[in-house]
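Step one of this worksheet: look at the structure below.
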Amino acid sequence: SVKKIERLLKRIPLSLCALAASKVGMRARALQFLEMEGRSRALLNGEDQLLKSHFLDGIDLQLTQMLLGQLDDFDTMLYVAQKNHQTDLTKRLMEEAASREMYEDWDGAFQAYEQLLDSRLNKNQGQPNAAVDATKTSAQRGLLRCLLKLGRLDSVLNQAYGMSKQSAVHDGNTTQVGAELLPSATEASWRLGKWSALDSLVNALDDDDDDVSALDANARYQLSFGRTMHSLHSRSNAKVISCLKDSRESIMSSLSSAARDGYSRSYPYLVQL
C-alpha cells in the first residue's frame, strides 16, 4: 500500500504541487517544486540545466515571479521577468501589478489594476470567458487591497459596491458586496466607524458558506476581525471571544507556513496575533 501511495504521489504534476504549496503559504516549497519541474523538463530536452537557463522554459513564470517577490528575492524576480517575453497585455499588466505590490508601490499597482479592469482590454484579448472572469476578480481584489494600503477607505467601500453592482449581485432591491470583495469592504467599514455598513457586511455570509471557505487565510482573518469589531461595538462579549478565536485560527494557518521561511516573513502575522 505504501508503494501505491508513492506511485500516486509521483504522478501528481510538479506544477500542481507548486500551486497547492503557494495556496497554503509554503512559498519556498512551491518555488522548489517549480525548479524541480524546470530541471526535469531541461533533462528531457537534453539540455545542460546547470550551465543554461533552460529550466525556465515551460514553467509558470508568473507564479515564479510572485513567489520570488514574496520571498524578497527581487534580483532573481527581475531576471525571471526579463526572460518572460509575453505578448499578452493582460499577463504583462498582472506581472507589473504583482511586482509593484512586492516593492510596496501601491500607487503603481493601483494603476496597473485599473488598466486590467478596463473593459476595452478584455474585448481585445480574445480570451475565454472563464479566464476573463478570473482576471477581473483578481484585479478587483488587488485594486481594493491597494486602496486599503493607501488609506482611501471611502473609495474601498464605493468601489466594492460599484463592482458588485456591475456583477449583478443583488438581494431584492439591495446590492450586496460580492464574496471576493467582502473582506476589504469589511476592514474599511470598521476603520471608518461605519457600523451600519459593517452590520450588513458581516452578516452577508455564514462561516460554513462555500464562498467563505474558498477565501484565503488573510481574507478570512479580515472577515473574522471585522466581526470582532462589530461584536465589540454591539457589546456582545460572547461573540467577541468567538470571533477573536476565529481570527487567531486564520492567522495561525498562515504563520505556520511563514515560519518555515524565516522571521521576516513571520513578523506581520505575529503582529496580527
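Residue names in the C-alpha cells use chain letters A, B, ... in the order shown, residue numbers from 1 in each chain, and ligand numbers from 1 in the order shown.
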(Q) Quick one: residues within 6 Å of Pro183 of chain A, only C-alpha atoms, excluding same-chain residues fewer than 5 positions away - as a list in words? (A)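 Here the qualifying residues turn out to be Ala219, Gln222 and Leu223 of chain A.
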Against segment 254-268 of chain A, which residues of segment 193-246 of chain A fall within 12 Å? For each one I want the closest pair of atoms and the distance in Å (one decimal), counting only C-alpha atoms, rows by chain and increasing residue number, as CSV.
```
residue,atom,partner,partner_atom,distance
A:Asp216,CA,A:Ser254,CA,9.4
A:Ala217,CA,A:Ser254,CA,6.5
A:Asn218,CA,A:Ser254,CA,7.8
A:Ala219,CA,A:Ser254,CA,11.2
A:Arg220,CA,A:Ser254,CA,11.0
A:Tyr221,CA,A:Ser254,CA,10.1
```
Q) Pick from A:Gly178, A:Ser155, A:Gln166, A:Glu114: nearest to Gly142 of chain A, with only C-alpha atoms counted? A)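 Using only C-alpha atoms, the shortest distance to Gly142 of chain A belongs to A:Glu114.
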Q. If you count only C-alpha atoms, which residues fall within 9 Å of Leu273 of chain A, apart from same-chain ones fewer than 5 positions away, as a PyMOL selection string?
A. chain A and resi 247-248+251-252+268
Write a file of the selected residues as a compact mmCIF listing (two decimals), in the first residue's frame, keeping N, CA, C and O atoms.
```txt
# COMPACT_ATOMS: atom_id res chain seq x y z
N SER A 247 -10.32 34.55 14.32
CA SER A 247 -9.26 35.38 13.74
C SER A 247 -7.89 34.77 13.99
O SER A 247 -7.04 34.72 13.10
N ARG A 248 -7.67 34.31 15.21
CA ARG A 248 -6.38 33.71 15.57
C ARG A 248 -6.14 32.43 14.78
O ARG A 248 -5.02 32.17 14.34
N ILE A 251 -4.96 33.30 11.32
CA ILE A 251 -3.58 33.76 11.30
C ILE A 251 -2.61 32.60 11.53
O ILE A 251 -1.54 32.53 10.92
N MET A 252 -2.96 31.68 12.41
CA MET A 252 -2.06 30.57 12.73
C MET A 252 -1.78 29.71 11.52
O MET A 252 -0.66 29.20 11.35
N PRO A 268 4.84 39.96 10.28
CA PRO A 268 3.50 40.56 10.10
C PRO A 268 2.39 39.75 10.74
O PRO A 268 1.43 40.32 11.29
```
Q.
Need to verify the contact set: segment 29-34 of chain A, 12 Å, only C-alpha atoms, exclusion of same-chain residues closer than 6 positions in sequence. Can you return it as number ranges by chain?
A. A: 12-23, 40-41, 55-71, 73, 76-77, 257-258, 260-261
Q) So which bits of segment 198-260 of chain A end up helix (DSSP H, G or I) when you DSSP the backbone, as a ChimeraX atom specification? A) /A:198-202,210-213,217-233,237-260
**Q.** Among the residues A:Cys146, A:Ser231, A:Phe225, A:Thr135, the one that comes closest to Gly108 of chain A [using only C-alpha atoms]
**A.** A:Cys146
Q: Give me every strand (DSSP E) residue in segment 163-256 of chain A, going by DSSP on the backbone, as a PyMOL selection string.
A: chain A and resi 170-171+174-175
Residue selection dump (N, CA, C and O atoms) as a PDB file, in the first residue's frame:
```
ATOM      1  N   HIS A 170     -27.338  40.810  -6.447  1.00  0.00           N
ATOM      2  CA  HIS A 170     -28.420  41.537  -5.816  1.00  0.00           C
ATOM      3  C   HIS A 170     -29.193  40.658  -4.838  1.00  0.00           C
ATOM      4  O   HIS A 170     -29.249  39.440  -4.972  1.00  0.00           O
ATOM      5  N   ASP A 171     -29.763  41.314  -3.840  1.00  0.00           N
ATOM      6  CA  ASP A 171     -30.670  40.646  -2.914  1.00  0.00           C
ATOM      7  C   ASP A 171     -31.898  41.542  -2.798  1.00  0.00           C
ATOM      8  O   ASP A 171     -31.922  42.489  -2.017  1.00  0.00           O
ATOM      9  N   THR A 174     -31.534  45.538  -2.733  1.00  0.00           N
ATOM     10  CA  THR A 174     -30.294  45.950  -2.083  1.00  0.00           C
ATOM     11  C   THR A 174     -29.107  45.257  -2.745  1.00  0.00           C
ATOM     12  O   THR A 174     -29.094  44.033  -2.892  1.00  0.00           O
ATOM     13  N   THR A 175     -28.127  46.031  -3.125  1.00  0.00           N
ATOM     14  CA  THR A 175     -26.931  45.464  -3.734  1.00  0.00           C
ATOM     15  C   THR A 175     -26.016  44.902  -2.655  1.00  0.00           C
ATOM     16  O   THR A 175     -25.686  45.580  -1.692  1.00  0.00           O
TER      17      THR A 175
END
```
Q. Restricting the calculation to only C-alpha atoms, which member of A:Ser224, A:Met36, A:Met102, A:Trp195 is positioned closest to Glu249 of chain A?
A.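 Ranking A:Ser224, A:Met36, A:Met102, A:Trp195 by distance to Glu249 of chain A, first place goes to A:Ser224.
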Q: Write out as a list of chain:residue names the residues lying within 9 Å of Ala139 of chain A, counting only C-alpha atoms and excluding same-chain residues fewer than 3 positions away.
A: A:Met94, A:Ala97, A:Ala112, A:Tyr113, A:Glu114, A:Leu116, A:Leu117, A:Ala134, A:Thr135, A:Lys136, A:Gly142, A:Leu143, A:Leu144
